[in-house]
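Colleague: This is the structure, below, for whatever I ask next.
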Amino acid sequence: RRSDVSDARSVVASPDGGGRVLVISSTFGLLASDDGGRTLAPVTIPQAPTGLVGIAVDPSDADVVWASARNDAVLRSGDAGRTWEVRTTLPDENFRRIVVGPDLPSSPSRVYLLDSTASTPLRVSVDDGATFAQVSVSDGFTATVIALAVDPTDSDRVVAAAGDADSCDLNLALSVNGGGSWTTTQPELTMPGEVFPACAGATLAFRPDGTLALAAGFDRVAVSRDQGRTLLPVDP
């Protein structure tokens with residue numbers, strides 16, 4: 001068992017507060033903890049012999065975990081990462097981010113795969129991972145999608161962030177139908193002179209109350225209460 005992992009690439013925790021934590025380590029592979037991360041034990045995944053690159057927990061069910069593997073497989077666990085099954089394989093794709101929307105009576109759960117280096121950088125599944133359809137964020141949104149977040153109160157509401165490698169401009173797009181169509185905006189910053197460089201990467205996340213949080217570059221953090229139309233920078 002370990003507690004000294006210094007090369008974690010991704011960390012997810014159980015949304016029910018039960019202490020289950022999963023870590024993808026470049027050195028040790030998938031590690032699991034049942035004590036909030038104090039100790040970690042390796043998890044063997046025969047279906048992914050070369051390791052995992054992305055992982056996400058279903059916000060509606062703490063036992064359901066999704067992962068993408070280096071061998072192009074998309075895997076699902078129904079027991080909090082203890083055992084896994086291959087749901088599908090996407091040849092020549094290597095998705096490093098997975099985002100899972102909540103399963104609500106008014107809007108179904110969706111699983112999104114995201115990687116700016118893939119030939120189809122954004123895909124979505126509405127059939128529990130059996131198939132993934134390509135998602136096109138168009139209408140002038142030509143930069144590469146680098147981050148995605150799903151509203152925990154409405155899984156139809158999705159925000160995507162894109163960055164231009166040359167100009168570092170950050171743009172946001174909003175979908176209210178699970179990625180079927182998008183409206184785009186270059187967010188208005190509420191503090192003059194504030195810069196959110198996207199070429200160094202970005203992360204999006206919704207708070208439980210529906211507030212959108214954005215981290216871009218190395219030390220820029222902002223929140224939005226209108227799905228990204230305006231951003232209020234905050235001190236990280």
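If you're wondering about the labels, chains in the structure tokens are A, B, ... by order shown, residues count from 1 in each chain, ligands from 1 in order shown.
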Which residues are close to range 123-134 of chain A, i.e. within 7 Å by only C-alpha atoms, leaving aside same-chain residues fewer than 6 positions away? Reply as a list in words.
Modeller: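 Counting only C-alpha atoms, the residues come to Arg87, Thr88, Ser109, Arg110, Val111, Tyr112, Leu113 and Leu114 of chain A.
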Colleague: Store the residues picked out above in a file with all heavy atoms, as a tab-separated table (two decimals), in the first residue's frame.
Modeller:
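Output (result-v5.tsv):
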```
chain	number	residue	atom	x	y	z
A	87	ARG	N	-16.69	-1.16	-22.41
A	87	ARG	CA	-17.97	-0.80	-23.02
A	87	ARG	C	-17.85	-0.64	-24.52
A	87	ARG	O	-18.76	-0.97	-25.27
A	87	ARG	CB	-18.50	0.50	-22.40
A	87	ARG	CG	-18.85	0.38	-20.94
A	87	ARG	CD	-19.94	-0.65	-20.73
A	87	ARG	NE	-21.20	-0.21	-21.36
A	87	ARG	CZ	-22.15	-1.03	-21.77
A	87	ARG	NH1	-22.00	-2.33	-21.67
A	87	ARG	NH2	-23.26	-0.54	-22.30
A	88	THR	N	-16.73	-0.10	-24.98
A	88	THR	CA	-16.51	0.04	-26.41
A	88	THR	C	-15.03	0.32	-26.64
A	88	THR	O	-14.28	0.59	-25.70
A	88	THR	CB	-17.36	1.18	-27.01
A	88	THR	OG1	-17.33	1.12	-28.43
A	88	THR	CG2	-16.83	2.55	-26.58
A	109	SER	N	-28.54	10.97	-18.34
A	109	SER	CA	-27.10	11.01	-18.14
A	109	SER	C	-26.39	10.83	-19.48
A	109	SER	O	-26.84	10.05	-20.33
A	109	SER	CB	-26.66	9.92	-17.17
A	109	SER	OG	-25.26	9.89	-17.05
A	110	ARG	N	-25.29	11.54	-19.66
A	110	ARG	CA	-24.47	11.40	-20.85
A	110	ARG	C	-23.01	11.27	-20.43
A	110	ARG	O	-22.59	11.83	-19.41
A	110	ARG	CB	-24.62	12.59	-21.79
A	110	ARG	CG	-26.03	12.78	-22.36
A	110	ARG	CD	-26.10	14.02	-23.24
A	110	ARG	NE	-27.40	14.22	-23.83
A	110	ARG	CZ	-28.40	14.89	-23.25
A	110	ARG	NH1	-28.20	15.42	-22.05
A	110	ARG	NH2	-29.56	15.04	-23.86
A	111	VAL	N	-22.23	10.55	-21.24
A	111	VAL	CA	-20.80	10.40	-20.99
A	111	VAL	C	-20.07	11.08	-22.14
A	111	VAL	O	-20.32	10.77	-23.31
A	111	VAL	CB	-20.40	8.92	-20.90
A	111	VAL	CG1	-18.91	8.79	-20.64
A	111	VAL	CG2	-21.19	8.21	-19.81
A	112	TYR	N	-19.17	12.01	-21.81
A	112	TYR	CA	-18.42	12.75	-22.82
A	112	TYR	C	-16.96	12.33	-22.77
A	112	TYR	O	-16.38	12.16	-21.70
A	112	TYR	CB	-18.51	14.26	-22.56
A	112	TYR	CG	-19.90	14.83	-22.67
A	112	TYR	CD1	-20.76	14.82	-21.56
A	112	TYR	CD2	-20.37	15.38	-23.85
A	112	TYR	CE1	-22.04	15.34	-21.65
A	112	TYR	CE2	-21.65	15.92	-23.95
A	112	TYR	CZ	-22.48	15.89	-22.84
A	112	TYR	OH	-23.74	16.40	-22.93
A	113	LEU	N	-16.36	12.18	-23.94
A	113	LEU	CA	-14.93	11.94	-24.09
A	113	LEU	C	-14.31	13.16	-24.74
A	113	LEU	O	-14.84	13.68	-25.73
A	113	LEU	CB	-14.67	10.70	-24.94
A	113	LEU	CG	-15.21	9.37	-24.44
A	113	LEU	CD1	-14.97	8.28	-25.46
A	113	LEU	CD2	-14.60	9.00	-23.10
A	114	LEU	N	-13.17	13.59	-24.22
A	114	LEU	CA	-12.57	14.84	-24.68
A	114	LEU	C	-11.07	14.70	-24.75
A	114	LEU	O	-10.44	14.20	-23.82
A	114	LEU	CB	-12.95	15.96	-23.70
A	114	LEU	CG	-12.29	17.33	-23.88
A	114	LEU	CD1	-12.75	17.97	-25.17
A	114	LEU	CD2	-12.64	18.22	-22.69
```
Colleague: Quick check for you: according to DSSP on this backbone, which residues of chain A are classed as strand (DSSP E or B)? Reply as JSON, numbers by chain.
Modeller: {"A": [2, 8, 9, 10, 11, 12, 13, 21, 22, 23, 24, 25, 29, 30, 31, 32, 33, 40, 41, 42, 52, 53, 54, 55, 56, 57, 65, 66, 67, 68, 69, 73, 74, 75, 76, 77, 85, 86, 87, 88, 89, 97, 98, 99, 100, 104, 107, 111, 112, 113, 114, 122, 123, 124, 125, 133, 134, 144, 145, 146, 147, 148, 149, 150, 158, 159, 160, 161, 162, 163, 170, 171, 172, 173, 174, 175, 183, 184, 185, 188, 189, 202, 203, 204, 205, 206, 212, 213, 214, 215, 216, 220, 221, 222, 223, 224, 230, 231, 232, 233, 234]}
Colleague: Identify, on the basis of only C-alpha atoms, every residue whose closest approach to range 44-57 of chain A does not exceed 6 Å; exclude the query and any residue fewer than 3 positions from it along the same chain; express the result as a list in words.
Modeller: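 The filter keeps Gly29, Val65, Trp66, Ala67, Ser68, Ala69, Arg70, Arg96, Arg97 and Ile98 of chain A.
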Colleague: Once you have the residues from the selection above, write them out as a PDB file, in the first residue's frame, restricted to all heavy atoms.
Modeller:
```pdb
ATOM      1  N   GLY A  29       0.063   3.172 -12.062  1.00  0.00           N
ATOM      2  CA  GLY A  29      -1.213   2.824 -12.670  1.00  0.00           C
ATOM      3  C   GLY A  29      -2.378   3.316 -11.833  1.00  0.00           C
ATOM      4  O   GLY A  29      -2.317   4.383 -11.220  1.00  0.00           O
ATOM      5  N   VAL A  65     -18.018   4.220 -12.249  1.00  0.00           N
ATOM      6  CA  VAL A  65     -16.808   4.953 -12.624  1.00  0.00           C
ATOM      7  C   VAL A  65     -16.511   4.658 -14.090  1.00  0.00           C
ATOM      8  O   VAL A  65     -16.633   3.510 -14.536  1.00  0.00           O
ATOM      9  CB  VAL A  65     -15.607   4.548 -11.752  1.00  0.00           C
ATOM     10  CG1 VAL A  65     -14.390   5.409 -12.072  1.00  0.00           C
ATOM     11  CG2 VAL A  65     -15.948   4.639 -10.268  1.00  0.00           C
ATOM     12  N   TRP A  66     -16.117   5.678 -14.818  1.00  0.00           N
ATOM     13  CA  TRP A  66     -15.752   5.545 -16.228  1.00  0.00           C
ATOM     14  C   TRP A  66     -14.268   5.834 -16.383  1.00  0.00           C
ATOM     15  O   TRP A  66     -13.704   6.653 -15.663  1.00  0.00           O
ATOM     16  CB  TRP A  66     -16.556   6.514 -17.083  1.00  0.00           C
ATOM     17  CG  TRP A  66     -18.011   6.178 -17.153  1.00  0.00           C
ATOM     18  CD1 TRP A  66     -18.995   6.556 -16.272  1.00  0.00           C
ATOM     19  CD2 TRP A  66     -18.653   5.383 -18.137  1.00  0.00           C
ATOM     20  NE1 TRP A  66     -20.200   6.048 -16.646  1.00  0.00           N
ATOM     21  CE2 TRP A  66     -20.027   5.320 -17.801  1.00  0.00           C
ATOM     22  CE3 TRP A  66     -18.213   4.713 -19.278  1.00  0.00           C
ATOM     23  CZ2 TRP A  66     -20.952   4.623 -18.561  1.00  0.00           C
ATOM     24  CZ3 TRP A  66     -19.125   4.018 -20.044  1.00  0.00           C
ATOM     25  CH2 TRP A  66     -20.484   3.975 -19.686  1.00  0.00           C
ATOM     26  N   ALA A  67     -13.642   5.170 -17.358  1.00  0.00           N
ATOM     27  CA  ALA A  67     -12.217   5.398 -17.611  1.00  0.00           C
ATOM     28  C   ALA A  67     -11.909   5.181 -19.085  1.00  0.00           C
ATOM     29  O   ALA A  67     -12.578   4.398 -19.762  1.00  0.00           O
ATOM     30  CB  ALA A  67     -11.354   4.468 -16.755  1.00  0.00           C
ATOM     31  N   SER A  68     -10.889   5.877 -19.562  1.00  0.00           N
ATOM     32  CA  SER A  68     -10.363   5.646 -20.907  1.00  0.00           C
ATOM     33  C   SER A  68      -8.967   5.064 -20.768  1.00  0.00           C
ATOM     34  O   SER A  68      -8.208   5.448 -19.865  1.00  0.00           O
ATOM     35  CB  SER A  68     -10.321   6.948 -21.707  1.00  0.00           C
ATOM     36  OG  SER A  68      -9.557   7.936 -21.042  1.00  0.00           O
ATOM     37  N   ALA A  69      -8.643   4.118 -21.649  1.00  0.00           N
ATOM     38  CA  ALA A  69      -7.376   3.396 -21.549  1.00  0.00           C
ATOM     39  C   ALA A  69      -6.478   3.717 -22.725  1.00  0.00           C
ATOM     40  O   ALA A  69      -6.929   4.176 -23.780  1.00  0.00           O
ATOM     41  CB  ALA A  69      -7.632   1.888 -21.475  1.00  0.00           C
ATOM     42  N   ARG A  70      -5.198   3.440 -22.538  1.00  0.00           N
ATOM     43  CA  ARG A  70      -4.226   3.685 -23.602  1.00  0.00           C
ATOM     44  C   ARG A  70      -4.430   2.767 -24.805  1.00  0.00           C
ATOM     45  O   ARG A  70      -3.933   3.058 -25.902  1.00  0.00           O
ATOM     46  CB  ARG A  70      -2.802   3.494 -23.057  1.00  0.00           C
ATOM     47  CG  ARG A  70      -2.410   4.496 -21.994  1.00  0.00           C
ATOM     48  CD  ARG A  70      -0.969   4.299 -21.551  1.00  0.00           C
ATOM     49  NE  ARG A  70      -0.624   5.127 -20.414  1.00  0.00           N
ATOM     50  CZ  ARG A  70      -0.266   6.400 -20.498  1.00  0.00           C
ATOM     51  NH1 ARG A  70      -0.208   6.976 -21.695  1.00  0.00           N
ATOM     52  NH2 ARG A  70       0.032   7.092 -19.417  1.00  0.00           N
ATOM     53  N   ARG A  96      -8.215  11.693 -23.091  1.00  0.00           N
ATOM     54  CA  ARG A  96      -7.601  11.876 -21.783  1.00  0.00           C
ATOM     55  C   ARG A  96      -8.555  12.459 -20.747  1.00  0.00           C
ATOM     56  O   ARG A  96      -8.219  12.498 -19.560  1.00  0.00           O
ATOM     57  CB  ARG A  96      -6.365  12.776 -21.910  1.00  0.00           C
ATOM     58  CG  ARG A  96      -5.278  12.147 -22.757  1.00  0.00           C
ATOM     59  CD  ARG A  96      -4.032  12.999 -22.814  1.00  0.00           C
ATOM     60  NE  ARG A  96      -2.997  12.333 -23.589  1.00  0.00           N
ATOM     61  CZ  ARG A  96      -2.155  11.438 -23.109  1.00  0.00           C
ATOM     62  NH1 ARG A  96      -2.232  11.101 -21.828  1.00  0.00           N
ATOM     63  NH2 ARG A  96      -1.253  10.872 -23.863  1.00  0.00           N
ATOM     64  N   ARG A  97      -9.719  12.910 -21.159  1.00  0.00           N
ATOM     65  CA  ARG A  97     -10.685  13.442 -20.212  1.00  0.00           C
ATOM     66  C   ARG A  97     -12.040  12.786 -20.418  1.00  0.00           C
ATOM     67  O   ARG A  97     -12.471  12.563 -21.549  1.00  0.00           O
ATOM     68  CB  ARG A  97     -10.836  14.959 -20.353  1.00  0.00           C
ATOM     69  CG  ARG A  97      -9.604  15.751 -19.972  1.00  0.00           C
ATOM     70  CD  ARG A  97      -9.936  17.228 -19.837  1.00  0.00           C
ATOM     71  NE  ARG A  97      -8.757  18.027 -19.577  1.00  0.00           N
ATOM     72  CZ  ARG A  97      -8.790  19.316 -19.286  1.00  0.00           C
ATOM     73  NH1 ARG A  97      -9.934  19.944 -19.200  1.00  0.00           N
ATOM     74  NH2 ARG A  97      -7.671  19.985 -19.065  1.00  0.00           N
ATOM     75  N   ILE A  98     -12.695  12.492 -19.314  1.00  0.00           N
ATOM     76  CA  ILE A  98     -14.055  11.968 -19.339  1.00  0.00           C
ATOM     77  C   ILE A  98     -14.895  12.849 -18.432  1.00  0.00           C
ATOM     78  O   ILE A  98     -14.482  13.192 -17.320  1.00  0.00           O
ATOM     79  CB  ILE A  98     -14.110  10.506 -18.857  1.00  0.00           C
ATOM     80  CG1 ILE A  98     -13.315   9.601 -19.789  1.00  0.00           C
ATOM     81  CG2 ILE A  98     -15.548  10.025 -18.774  1.00  0.00           C
ATOM     82  CD1 ILE A  98     -13.373   8.138 -19.398  1.00  0.00           C
TER      83      ILE A  98
END
```
